[in-house]
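What follows is the content of target39.txt (compact mmCIF, C-alpha atoms).
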# COMPACT_ATOMS: atom_id res chain seq x y z
CA MET A 1 69.28 23.08 52.40
CA ALA A 2 68.74 23.76 48.70
CA ARG A 3 70.08 21.27 46.21
CA ASP A 4 71.90 23.25 43.56
CA LEU A 5 70.98 22.55 39.96
CA ALA A 6 72.50 22.51 36.49
CA ILE A 7 70.00 23.07 33.69
CA ASP A 8 70.49 22.43 30.00
CA LEU A 9 67.71 24.68 28.76
CA GLY A 10 67.77 23.48 25.18
CA THR A 11 65.56 24.47 22.28
CA ALA A 12 64.47 20.84 21.96
CA ASN A 13 64.93 19.25 25.39
CA THR A 14 65.49 20.38 28.94
CA LEU A 15 67.69 18.34 31.25
CA VAL A 16 68.24 18.99 34.93
CA TYR A 17 71.16 17.74 37.00
CA MET A 18 70.81 17.96 40.77
CA LYS A 19 73.94 18.28 42.88
CA GLY A 20 74.76 14.94 44.49
CA ARG A 21 71.92 13.15 42.67
CA GLY A 22 72.67 13.23 38.93
CA ILE A 23 70.21 13.81 36.08
CA VAL A 24 66.73 14.11 37.58
CA LEU A 25 64.73 15.36 34.59
CA ASN A 26 64.92 14.96 30.82
CA GLU A 27 61.92 16.22 28.83
CA PRO A 28 61.02 18.22 25.72
CA SER A 29 61.15 22.01 26.21
CA VAL A 30 57.46 22.49 25.56
CA ILE A 31 54.73 24.11 27.60
CA ALA A 32 50.97 24.06 26.96
CA VAL A 33 49.03 27.09 28.14
CA ASN A 34 45.33 27.98 28.19
CA ARG A 35 45.17 31.21 26.17
CA GLN A 36 42.06 32.44 27.96
CA THR A 37 43.09 31.93 31.57
CA GLY A 38 46.88 31.90 31.16
CA GLU A 39 46.93 28.66 33.16
CA VAL A 40 49.69 26.11 32.44
CA LEU A 41 48.04 22.86 31.33
CA ALA A 42 51.03 20.65 30.67
CA THR A 43 54.81 20.69 30.33
CA GLY A 44 57.44 18.40 28.90
CA ARG A 45 56.44 15.17 27.16
CA GLU A 46 52.73 15.67 27.77
CA ALA A 47 52.84 19.16 26.21
CA TRP A 48 54.99 17.89 23.31
CA GLN A 49 52.25 15.43 22.38
CA MET A 50 49.87 18.38 22.09
CA ILE A 51 51.92 20.30 19.48
CA GLY A 52 49.82 20.94 16.38
CA ARG A 53 46.83 19.09 17.87
CA THR A 54 45.35 21.62 20.27
CA PRO A 55 41.97 23.35 20.14
CA GLY A 56 42.00 27.13 19.61
CA TYR A 57 42.14 28.09 23.28
CA ILE A 58 45.22 25.98 24.06
CA VAL A 59 48.67 26.80 22.77
CA ALA A 60 51.54 24.31 23.02
CA VAL A 61 54.79 26.16 22.41
CA ARG A 62 58.54 25.85 22.64
CA PRO A 63 59.52 28.99 24.57
CA LEU A 64 63.06 28.87 23.15
CA ARG A 65 64.06 29.26 19.53
CA GLY A 66 67.65 29.23 18.36
CA GLY A 67 68.64 28.78 22.00
CA ALA A 68 67.13 32.14 22.91
CA ILE A 69 64.03 32.98 24.88
CA THR A 70 61.18 33.96 22.59
CA ASP A 71 58.62 34.26 25.34
CA PHE A 72 60.06 35.54 28.60
CA GLU A 73 56.98 34.98 30.73
CA ILE A 74 56.44 31.41 29.56
CA THR A 75 60.14 30.58 30.03
CA GLU A 76 60.01 31.89 33.59
CA ARG A 77 56.96 29.75 34.31
CA MET A 78 58.63 26.76 32.72
CA ILE A 79 61.74 27.17 34.91
CA ARG A 80 59.53 27.62 37.98
CA LEU A 81 57.69 24.39 37.13
CA LEU A 82 60.99 22.61 36.49
CA LEU A 83 62.23 23.58 39.94
CA GLN A 84 58.97 22.36 41.47
CA ARG A 85 59.07 19.09 39.58
CA VAL A 86 62.59 18.25 40.75
CA GLY A 87 61.51 18.91 44.32
CA VAL A 88 62.89 22.41 44.91
CA SER A 89 60.50 24.30 47.17
CA ARG A 90 59.63 28.00 46.79
CA PHE A 91 61.86 28.88 49.75
CA ALA A 92 64.84 26.63 48.97
CA ARG A 93 66.50 29.12 46.54
CA PRO A 94 69.18 26.93 44.94
CA LYS A 95 72.19 28.07 42.95
CA VAL A 96 71.62 27.31 39.28
CA VAL A 97 74.05 26.90 36.37
CA ILE A 98 72.30 27.17 33.00
CA CYS A 99 73.82 26.09 29.68
CA VAL A 100 73.21 28.54 26.86
CA PRO A 101 74.45 28.87 23.28
CA SER A 102 77.64 30.91 23.07
CA ALA A 103 76.10 33.09 20.35
CA ILE A 104 73.34 34.59 22.48
CA THR A 105 73.34 38.34 22.97
CA GLU A 106 73.76 40.23 26.23
CA VAL A 107 70.00 40.91 26.31
CA GLU A 108 69.23 37.21 25.81
CA ARG A 109 71.69 36.26 28.56
CA ARG A 110 69.99 38.63 30.94
CA ALA A 111 66.59 37.23 29.96
CA VAL A 112 67.74 33.70 30.94
CA THR A 113 69.30 34.72 34.27
CA ASP A 114 66.35 36.97 35.15
CA ALA A 115 63.91 34.18 34.32
CA ALA A 116 65.81 31.78 36.60
CA ARG A 117 66.07 34.28 39.46
CA ARG A 118 62.39 35.20 39.23
CA ALA A 119 61.58 31.49 39.20
CA GLY A 120 63.30 31.06 42.56
CA ALA A 121 67.05 30.64 42.00
CA ALA A 122 69.30 32.40 44.52
CA ASP A 123 72.03 32.75 41.93
CA ALA A 124 71.94 31.97 38.21
CA GLN A 125 75.15 31.57 36.24
CA LEU A 126 75.52 30.78 32.55
CA ILE A 127 77.97 28.49 30.81
CA GLU A 128 78.53 28.08 27.08
CA GLN A 129 77.11 24.83 25.72
CA PRO A 130 80.27 23.69 23.91
CA MET A 131 82.33 24.16 27.08
CA ALA A 132 79.82 22.18 29.14
CA ALA A 133 79.67 19.57 26.36
CA ALA A 134 83.44 19.15 26.37
CA ILE A 135 83.47 18.64 30.15
CA GLY A 136 80.54 16.22 29.94
CA ALA A 137 82.07 14.30 27.03
CA ASP A 138 85.12 13.77 29.24
CA LEU A 139 87.61 15.41 26.89
CA PRO A 140 91.00 16.16 28.48
CA ILE A 141 90.41 19.92 28.42
CA ASP A 142 92.66 20.44 31.45
CA GLU A 143 95.67 19.49 29.33
CA PRO A 144 97.56 21.57 26.75
CA ILE A 145 95.92 19.62 23.93
CA GLY A 146 93.58 20.78 21.17
CA ASN A 147 90.10 19.40 21.93
CA MET A 148 87.41 20.15 19.42
CA VAL A 149 83.76 19.65 20.17
CA ILE A 150 80.82 20.08 17.78
CA ASP A 151 77.45 20.49 19.49
CA ILE A 152 74.47 20.26 17.15
CA GLY A 153 71.35 21.14 19.09
CA GLY A 154 67.75 21.90 18.19
CA GLY A 155 68.27 25.57 17.39
CA THR A 156 72.02 26.15 17.28
CA SER A 157 75.20 24.40 16.14
CA GLU A 158 78.41 25.30 17.88
CA SER A 159 82.00 24.27 17.39
CA ALA A 160 84.71 25.06 19.89
CA VAL A 161 88.41 24.41 20.34
CA ILE A 162 89.25 24.02 24.02
CA SER A 163 92.62 23.75 25.71
CA LEU A 164 93.92 24.31 29.27
CA GLY A 165 90.46 24.84 30.67
CA GLY A 166 89.33 27.58 28.29
CA ILE A 167 87.84 28.21 24.88
CA VAL A 168 90.48 29.01 22.26
CA ALA A 169 88.26 29.27 19.17
CA LEU A 170 84.51 29.30 18.81
CA GLU A 171 82.04 29.37 15.97
CA ALA A 172 78.26 29.22 16.25
CA VAL A 173 75.33 29.38 13.87
CA ARG A 174 71.65 29.58 14.70
CA VAL A 175 70.93 26.50 12.64
CA GLY A 176 70.07 23.17 14.22
CA SER A 177 67.99 20.05 13.91
CA PHE A 178 64.71 22.04 13.93
CA ASP A 179 65.92 23.72 10.74
CA ILE A 180 66.45 20.24 9.28
CA ASP A 181 62.82 19.42 10.14
CA ALA A 182 61.68 22.73 8.62
CA ALA A 183 63.62 21.97 5.43
CA ILE A 184 61.83 18.61 5.14
CA GLN A 185 58.45 20.31 5.70
CA ALA A 186 59.23 22.91 3.01
CA TYR A 187 60.42 20.25 0.54
CA VAL A 188 57.29 18.08 0.96
CA ARG A 189 55.11 21.16 0.56
CA ARG A 190 56.95 22.35 -2.56
CA GLU A 191 57.57 19.05 -4.36
CA HIS A 192 54.59 16.94 -3.28
CA GLY A 193 52.01 19.65 -2.56
CA ILE A 194 51.12 18.45 0.93
CA ALA A 195 51.44 20.16 4.27
CA ILE A 196 52.95 18.19 7.15
CA GLY A 197 53.44 19.18 10.78
CA GLU A 198 56.75 19.62 12.55
CA ARG A 199 56.36 16.36 14.46
CA THR A 200 55.81 14.44 11.21
CA ALA A 201 58.87 16.11 9.67
CA GLU A 202 60.91 15.06 12.70
CA GLU A 203 59.65 11.49 12.37
CA VAL A 204 60.69 11.46 8.69
CA LYS A 205 64.15 12.71 9.67
CA VAL A 206 64.55 10.03 12.33
CA ALA A 207 63.19 7.27 10.05
CA ILE A 208 64.98 7.92 6.76
CA GLY A 209 67.02 11.11 7.16
CA SER A 210 70.73 10.96 6.45
CA ALA A 211 73.63 13.24 5.61
CA ALA A 212 75.33 10.71 3.34
CA GLU A 213 74.29 7.54 1.54
CA THR A 214 73.76 4.66 3.97
CA GLU A 215 73.32 0.91 3.66
CA ASP A 216 69.63 1.09 4.53
CA GLU A 217 67.88 3.17 1.87
CA SER A 218 64.30 2.23 2.73
CA GLN A 219 61.51 4.69 1.93
CA ALA A 220 58.86 6.22 4.19
CA GLU A 221 55.17 6.93 3.80
CA VAL A 222 54.23 10.46 4.83
CA ARG A 223 50.68 11.56 5.54
CA GLY A 224 49.61 15.17 5.35
CA ARG A 225 47.00 17.58 4.00
CA ASP A 226 46.80 18.15 0.25
CA LEU A 227 47.30 21.85 -0.41
CA MET A 228 44.96 21.85 -3.44
CA THR A 229 42.05 19.75 -2.22
CA GLY A 230 42.47 20.12 1.54
CA LEU A 231 42.02 16.35 1.91
CA PRO A 232 44.39 13.93 3.67
CA ARG A 233 46.94 12.34 1.30
CA THR A 234 49.88 9.95 1.56
CA VAL A 235 53.14 10.30 -0.36
CA VAL A 236 56.29 8.17 -0.37
CA LEU A 237 59.61 9.87 0.39
CA THR A 238 63.01 8.41 -0.46
CA PRO A 239 66.17 8.97 1.61
CA GLU A 240 67.71 10.64 -1.45
CA GLU A 241 64.90 13.22 -1.50
CA VAL A 242 65.40 13.91 2.21
CA ARG A 243 69.17 14.31 1.67
CA PHE A 244 68.44 16.82 -1.09
CA ALA A 245 65.92 18.67 1.11
CA ILE A 246 68.31 19.09 4.04
CA ASP A 247 71.53 19.65 2.11
CA ASP A 248 71.64 23.46 2.45
CA THR A 249 71.00 23.28 6.20
CA LEU A 250 73.72 20.68 6.71
CA SER A 251 76.13 22.68 4.56
CA SER A 252 75.74 25.75 6.76
CA ILE A 253 76.45 23.63 9.87
CA ILE A 254 79.52 22.05 8.27
CA ASP A 255 80.74 25.45 7.04
CA SER A 256 80.71 26.72 10.62
CA VAL A 257 82.80 23.68 11.68
CA LYS A 258 85.30 24.57 8.94
CA ARG A 259 85.44 28.20 10.10
CA CYS A 260 86.16 27.03 13.65
CA LEU A 261 88.97 24.76 12.40
CA ALA A 262 90.41 27.71 10.49
CA LYS A 263 90.43 29.86 13.65
CA ALA A 264 92.39 27.29 15.69
CA PRO A 265 96.07 28.06 16.37
CA PRO A 266 98.38 25.76 14.33
CA GLU A 267 99.83 24.11 17.45
CA LEU A 268 96.38 22.89 18.42
CA ALA A 269 95.17 22.20 14.88
CA GLN A 270 97.64 19.35 14.48
CA ASP A 271 96.11 17.62 17.52
CA PHE A 272 92.76 17.30 15.73
CA LEU A 273 94.24 15.06 13.07
CA VAL A 274 95.27 12.58 15.77
CA ARG A 275 92.51 13.02 18.33
CA GLY A 276 89.64 13.91 16.02
CA MET A 277 86.60 16.11 16.72
CA TYR A 278 83.82 15.06 19.13
CA LEU A 279 80.21 15.29 18.09
CA VAL A 280 77.51 15.86 20.74
CA GLY A 281 73.86 16.94 20.71
CA GLY A 282 70.77 15.36 19.21
CA GLY A 283 71.54 16.71 15.73
CA GLY A 284 74.73 14.68 15.70
CA LEU A 285 72.64 11.50 15.68
CA LEU A 286 71.60 12.08 12.05
CA ARG A 287 72.78 9.06 10.07
CA GLY A 288 75.94 9.65 8.04
CA LEU A 289 76.64 13.08 9.56
CA PRO A 290 79.98 12.14 11.20
CA GLN A 291 81.12 10.61 7.90
CA ARG A 292 80.09 13.68 5.92
CA ILE A 293 81.86 16.10 8.30
CA GLU A 294 84.92 13.86 8.18
CA LYS A 295 84.86 13.80 4.38
CA GLU A 296 84.52 17.58 4.06
CA THR A 297 87.11 18.53 6.70
CA ASN A 298 89.59 15.63 6.46
CA VAL A 299 89.52 15.43 10.26
CA PRO A 300 88.29 12.28 12.04
CA VAL A 301 84.94 12.65 13.81
CA ARG A 302 84.01 10.67 16.92
CA MET A 303 80.64 10.42 18.62
CA SER A 304 80.48 11.18 22.31
CA ASN A 305 79.33 8.32 24.58
CA MET A 306 76.42 10.41 25.87
CA PRO A 307 75.56 12.79 23.01
CA LEU A 308 72.24 13.94 24.51
CA GLU A 309 73.41 14.25 28.10
CA ALA A 310 76.98 15.56 27.69
CA VAL A 311 76.01 19.23 28.09
CA VAL A 312 74.05 18.80 31.33
CA MET A 313 76.69 16.44 32.71
CA GLY A 314 79.31 19.12 32.08
CA ALA A 315 77.17 21.77 33.77
CA GLY A 316 76.55 19.27 36.58
CA HIS A 317 80.30 19.03 37.06
CA CYS A 318 80.41 22.84 37.35
CA ILE A 319 77.72 22.82 40.03
CA GLU A 320 79.58 20.09 41.95
CA HIS A 321 82.80 22.19 41.82
CA TYR A 322 81.12 25.59 41.85
CA ASP A 323 83.83 27.60 43.62
CA ALA A 324 86.75 26.18 41.63
CA LEU A 325 85.01 26.61 38.28
CA LYS A 326 83.12 29.87 38.73
CA THR A 327 85.71 31.71 36.62
CA MET A 328 84.35 29.67 33.72
CA PHE A 329 80.88 31.20 33.86
CA MET A 330 79.96 33.70 31.18
CA GLY A 331 79.54 36.73 33.45
CA ALA A 332 82.80 36.06 35.31
CA ARG A 333 85.02 36.54 32.28
CA ARG A 334 83.82 39.99 31.29
CA MET B 1 88.29 47.98 82.66
CA ILE B 2 91.29 45.97 81.53
CA TRP B 3 88.98 43.16 80.47
CA VAL B 4 87.33 45.47 77.98
CA TYR B 5 90.71 46.16 76.33
CA VAL B 6 91.63 42.48 76.38
CA ALA B 7 88.27 41.56 74.81
CA ALA B 8 88.69 44.24 72.12
CA VAL B 9 92.18 42.97 71.27
CA VAL B 10 90.95 39.36 71.13
CA ILE B 11 88.05 40.38 68.84
CA MET B 12 90.44 42.27 66.55
CA VAL B 13 92.85 39.31 66.36
CA VAL B 14 90.01 36.90 65.58
CA ALA B 15 88.48 39.26 62.99
CA THR B 16 91.89 39.74 61.30
CA TRP B 17 92.43 35.98 61.24
CA LEU B 18 88.98 35.38 59.75
CA LEU B 19 89.46 38.05 57.10
CA ARG B 20 92.86 36.58 56.15
CA GLY B 21 91.16 33.23 55.67
CA ARG B 22 88.71 34.86 53.24
CA LYS B 23 91.42 36.52 51.15
CA PRO B 24 90.85 35.53 47.51
CA ASP B 25 93.26 33.06 45.99
CA SER B 26 96.12 34.39 43.94
CA GLY B 27 95.78 34.04 40.18
CA MET B 28 98.06 31.02 40.13
CA THR B 29 96.24 29.20 42.95
CA SER B 30 92.85 29.94 41.45
CA TYR B 31 93.95 28.74 38.01
CA ARG B 32 95.47 25.56 39.53
CA LYS B 33 92.17 24.84 41.32
CA HIS B 34 90.27 25.48 38.07
CA ILE B 35 92.47 23.06 36.11
CA ASP B 36 92.41 20.44 38.89
CA ALA B 37 88.60 20.62 38.98
CA LEU B 38 88.53 19.80 35.26
CA SER B 39 90.78 16.75 35.55
CA SER B 40 89.50 13.36 34.54
CA GLU B 41 89.67 12.08 38.13
CA SER B 42 87.57 14.99 39.32
CA ARG B 43 84.96 14.38 36.61
CA ARG B 44 84.69 10.71 37.51
CA GLY B 45 82.76 11.76 40.64
CA VAL B 46 79.96 13.32 38.56
CA ARG B 47 79.62 10.20 36.41
CA GLU B 48 79.45 8.06 39.54
CA VAL B 49 76.73 10.29 41.01
CA ASN B 50 74.70 9.89 37.83
CA GLU B 51 75.31 6.14 37.57
CA ARG B 52 74.09 5.65 41.14
CA ARG B 53 70.80 7.28 40.21
CA ARG B 54 70.30 5.32 36.98
CA PRO B 55 68.18 2.20 37.57
CA PRO B 56 70.00 -1.05 36.80
CA ARG B 57 69.44 -2.17 33.19
CA ARG B 58 67.13 -5.15 32.87
CA ASP B 59 67.85 -7.78 30.31
CA ASP B 60 65.18 -7.49 27.63
CA THR B 61 65.01 -11.25 27.32
CA ASP B 62 63.88 -11.61 30.93
CA ASN B 63 60.25 -12.45 31.39

Transcribe the structure of this file into structure tokens.
Amino acid sequence: MARDLAIDLGTANTLVYMKGRGIVLNEPSVIAVNRQTGEVLATGREAWQMIGRTPGYIVAVRPLRGGAITDFEITERMIRLLLQRVGVSRFARPKVVICVPSAITEVERRAVTDAARRAGAADAQLIEQPMAAAIGADLPIDEPIGNMVIDIGGGTSESAVISLGGIVALEAVRVGSFDIDAAIQAYVRREHGIAIGERTAEEVKVAIGSAAETEDESQAEVRGRDLMTGLPRTVVLTPEEVRFAIDDTLSSIIDSVKRCLAKAPPELAQDFLVRGMYLVGGGGLLRGLPQRIEKETNVPVRMSNMPLEAVVMGAGHCIEHYDALKTMFMGARR
Amino acid sequence: MIWVYVAAVVIMVVATWLLRGRKPDSGMTSYRKHIDALSSESRRGVREVNERRRPPRRDDTDN
């Protein structure tokens, strides 16, 4: 019998939860393909290591941008490979619950479900990431209490107010931690005249990136290609420079949190002051971000215990209680 | 001949009983099930499933 699956098909990472087994896969959402033959050469971590380092005939790509499928065929192949890797055979045909950003369009939703069905799923249902995150972060969303969750992913940032098992207010922007990396790349190019790759920009963010001043203000050496001479060059970046580079991106994320707070009914809004807002997703790990959100909204911010796994754990809960929770799926409410 | 009628009646009774069992839940029952499935106790099961899979953490100081 097929083991049903919950998939967090994120812009940055893909996680798979198998019914009765837990999280069975956690890898970057990257696939490397031979351009000439169309053959898949690598997926996940192996393909991630190839980004920006491939010869002309190989392309290592992230098939999702902003939480939406940019390359339907590659996404379908990636899902098919995911199913194979977690041990689902071609004939098993499991039920699949896939987490998607709440802001995706009807066409994008259909692209995800079609990709999953073509890849071998008997049934593919979608659930909004903030809802899955709230379930996975173990917030008491079954109670008449205002629960606010902020999910900052690779391509999208979503804030939701949830009470009595449903979403009360929702706000999403297609800005995420990849946009933070892109802002660092653009800054280094503009101010220091060197080109750096997206992996280097991510490393800079992890090493010295912050949303507010921190105790450790150590600098980082960045190596790239000089735009004038074309030769390799090293520059030193300070945390203050990185904060300046990513400020606009962070502001648009925080503005969406504020808009979500403003949409919340007053009865629930008062709960946030006591209970706080919960931050999940890889983007939430940026140093000083909880403090900055707290400062700008005057609402306490708490980190989830499992920020990277909360979404797939929530979707996993839905697959374990499929019949009771199927009204929660995106198609069921229309 | 009578057995044919008896068999038809039995089949109809069984079919009616089965179809009643498949009747969708009322709104209130369905909502109650939905809320119960989201309770903290219910979610504990998923965490336990995942914890069982996770390999035990080794102390980094061990050689």

For a cutoff of 10 Å around the file-coordinate point (89.7, 16.8, 37.4), which residues qualify once you count all atoms listed in the file? I'd like the result as a PDB file with C-alpha atoms, in the coordinates of the input.
ATOM      1  CA  ILE A 135      83.470  18.640  30.150  1.00  0.00           C
ATOM      2  CA  ASP A 138      85.120  13.770  29.240  1.00  0.00           C
ATOM      3  CA  PRO A 140      91.000  16.160  28.480  1.00  0.00           C
ATOM      4  CA  ILE A 141      90.410  19.920  28.420  1.00  0.00           C
ATOM      5  CA  ASP A 142      92.660  20.440  31.450  1.00  0.00           C
ATOM      6  CA  HIS A 317      80.300  19.030  37.060  1.00  0.00           C
ATOM      7  CA  HIS A 321      82.800  22.190  41.820  1.00  0.00           C
TER       8      HIS A 321
ATOM      9  CA  LYS B  33      92.170  24.840  41.320  1.00  0.00           C
ATOM     10  CA  HIS B  34      90.270  25.480  38.070  1.00  0.00           C
ATOM     11  CA  ILE B  35      92.470  23.060  36.110  1.00  0.00           C
ATOM     12  CA  ASP B  36      92.410  20.440  38.890  1.00  0.00           C
ATOM     13  CA  ALA B  37      88.600  20.620  38.980  1.00  0.00           C
ATOM     14  CA  LEU B  38      88.530  19.800  35.260  1.00  0.00           C
ATOM     15  CA  SER B  39      90.780  16.750  35.550  1.00  0.00           C
ATOM     16  CA  SER B  40      89.500  13.360  34.540  1.00  0.00           C
ATOM     17  CA  GLU B  41      89.670  12.080  38.130  1.00  0.00           C
ATOM     18  CA  SER B  42      87.570  14.990  39.320  1.00  0.00           C
ATOM     19  CA  ARG B  43      84.960  14.380  36.610  1.00  0.00           C
ATOM     20  CA  ARG B  44      84.690  10.710  37.510  1.00  0.00           C
ATOM     21  CA  GLY B  45      82.760  11.760  40.640  1.00  0.00           C
TER      22      GLY B  45
END

Per residue of chain A within 9 Å of chain B, record the nearest atom pair and its distance in Å to one decimal, counting only C-alpha atoms, with rows in chain order and ascending residue number, as JSON lines.
{"residue": "A:Tyr17", "atom": "CA", "partner": "B:Asn50", "partner_atom": "CA", "distance": 8.7}
{"residue": "A:Lys19", "atom": "CA", "partner": "B:Val49", "partner_atom": "CA", "distance": 8.7}
{"residue": "A:Gly20", "atom": "CA", "partner": "B:Val49", "partner_atom": "CA", "distance": 6.1}
{"residue": "A:Arg21", "atom": "CA", "partner": "B:Val49", "partner_atom": "CA", "distance": 5.8}
{"residue": "A:Gly22", "atom": "CA", "partner": "B:Asn50", "partner_atom": "CA", "distance": 4.1}
{"residue": "A:Ile23", "atom": "CA", "partner": "B:Asn50", "partner_atom": "CA", "distance": 6.2}
{"residue": "A:Val24", "atom": "CA", "partner": "B:Arg53", "partner_atom": "CA", "distance": 8.4}
{"residue": "A:Ile135", "atom": "CA", "partner": "B:Leu38", "partner_atom": "CA", "distance": 7.3}
{"residue": "A:Gly136", "atom": "CA", "partner": "B:Arg43", "partner_atom": "CA", "distance": 8.2}
{"residue": "A:Asp138", "atom": "CA", "partner": "B:Ser40", "partner_atom": "CA", "distance": 6.9}
{"residue": "A:Leu139", "atom": "CA", "partner": "B:Ser40", "partner_atom": "CA", "distance": 8.1}
{"residue": "A:Pro140", "atom": "CA", "partner": "B:Ser40", "partner_atom": "CA", "distance": 6.8}
{"residue": "A:Ile141", "atom": "CA", "partner": "B:Leu38", "partner_atom": "CA", "distance": 7.1}
{"residue": "A:Asp142", "atom": "CA", "partner": "B:Ile35", "partner_atom": "CA", "distance": 5.3}
{"residue": "A:Glu143", "atom": "CA", "partner": "B:Ile35", "partner_atom": "CA", "distance": 8.3}
{"residue": "A:Leu164", "atom": "CA", "partner": "B:Ile35", "partner_atom": "CA", "distance": 7.1}
{"residue": "A:Gly165", "atom": "CA", "partner": "B:Ile35", "partner_atom": "CA", "distance": 6.1}
{"residue": "A:Met313", "atom": "CA", "partner": "B:Val46", "partner_atom": "CA", "distance": 7.4}
{"residue": "A:Gly314", "atom": "CA", "partner": "B:Arg43", "partner_atom": "CA", "distance": 8.7}
{"residue": "A:Gly316", "atom": "CA", "partner": "B:Val46", "partner_atom": "CA", "distance": 7.1}
{"residue": "A:His317", "atom": "CA", "partner": "B:Val46", "partner_atom": "CA", "distance": 5.9}
{"residue": "A:Cys318", "atom": "CA", "partner": "B:Ala37", "partner_atom": "CA", "distance": 8.6}
{"residue": "A:Glu320", "atom": "CA", "partner": "B:Val46", "partner_atom": "CA", "distance": 7.6}
{"residue": "A:His321", "atom": "CA", "partner": "B:Ala37", "partner_atom": "CA", "distance": 6.6}
{"residue": "A:Asp323", "atom": "CA", "partner": "B:His34", "partner_atom": "CA", "distance": 8.8}
{"residue": "A:Ala324", "atom": "CA", "partner": "B:His34", "partner_atom": "CA", "distance": 5.1}
{"residue": "A:Leu325", "atom": "CA", "partner": "B:His34", "partner_atom": "CA", "distance": 5.4}
{"residue": "A:Lys326", "atom": "CA", "partner": "B:His34", "partner_atom": "CA", "distance": 8.4}
{"residue": "A:Thr327", "atom": "CA", "partner": "B:His34", "partner_atom": "CA", "distance": 7.9}
{"residue": "A:Met328", "atom": "CA", "partner": "B:His34", "partner_atom": "CA", "distance": 8.5}

Write a file of the just-selected residues containing C-alpha atoms, as a CSV table (one decimal), keeping the file's coordinate frame.
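Once written, result-v3.csv looks like this:
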chain,number,residue,atom,x,y,z
A,17,TYR,CA,71.2,17.7,37.0
A,19,LYS,CA,73.9,18.3,42.9
A,20,GLY,CA,74.8,14.9,44.5
A,21,ARG,CA,71.9,13.2,42.7
A,22,GLY,CA,72.7,13.2,38.9
A,23,ILE,CA,70.2,13.8,36.1
A,24,VAL,CA,66.7,14.1,37.6
A,135,ILE,CA,83.5,18.6,30.2
A,136,GLY,CA,80.5,16.2,29.9
A,138,ASP,CA,85.1,13.8,29.2
A,139,LEU,CA,87.6,15.4,26.9
A,140,PRO,CA,91.0,16.2,28.5
A,141,ILE,CA,90.4,19.9,28.4
A,142,ASP,CA,92.7,20.4,31.4
A,143,GLU,CA,95.7,19.5,29.3
A,164,LEU,CA,93.9,24.3,29.3
A,165,GLY,CA,90.5,24.8,30.7
A,313,MET,CA,76.7,16.4,32.7
A,314,GLY,CA,79.3,19.1,32.1
A,316,GLY,CA,76.6,19.3,36.6
A,317,HIS,CA,80.3,19.0,37.1
A,318,CYS,CA,80.4,22.8,37.4
A,320,GLU,CA,79.6,20.1,42.0
A,321,HIS,CA,82.8,22.2,41.8
A,323,ASP,CA,83.8,27.6,43.6
A,324,ALA,CA,86.8,26.2,41.6
A,325,LEU,CA,85.0,26.6,38.3
A,326,LYS,CA,83.1,29.9,38.7
A,327,THR,CA,85.7,31.7,36.6
A,328,MET,CA,84.4,29.7,33.7

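What separates atom CA of A:Val168 from atom CA of A:Asn13 is a distance of 27.5 Å.
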
Check: Any idea what the distance is between atom CA of A:Ala132 and atom CA of A:Ala115?
Finding: 20.6 Å

Note to self: Taking 3 positions as the minimum chain separation for residues in the same chain, which residues sit within 10 Å of stretch 56-65 of chain A when counting all atoms listed in the file? Answer as number ranges by chain.
What the structure shows: A: 9-13, 28-44, 46-53, 68-76, 78, 154-156, 174, 178

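Between atom CA of A:Pro307 and atom CA of A:Gly281 the separation is 5.0 Å.
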
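Of the listed residues A:Gly146, A:Gly153, A:Gly230, A:Pro239, the one whose atoms come nearest to A:Phe272 is A:Gly146, with distances taken using only C-alpha atoms.
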
Next item on the list: Find the residues near stretch 284-291 of chain A: any atom within 7 Å, counting all atoms listed in the file, skip ones fewer than 2 places away on the same chain, and give them as a VMD selection string.
Entry: chain A and resid 152 209 to 212 214 279 to 282 293 to 295 301
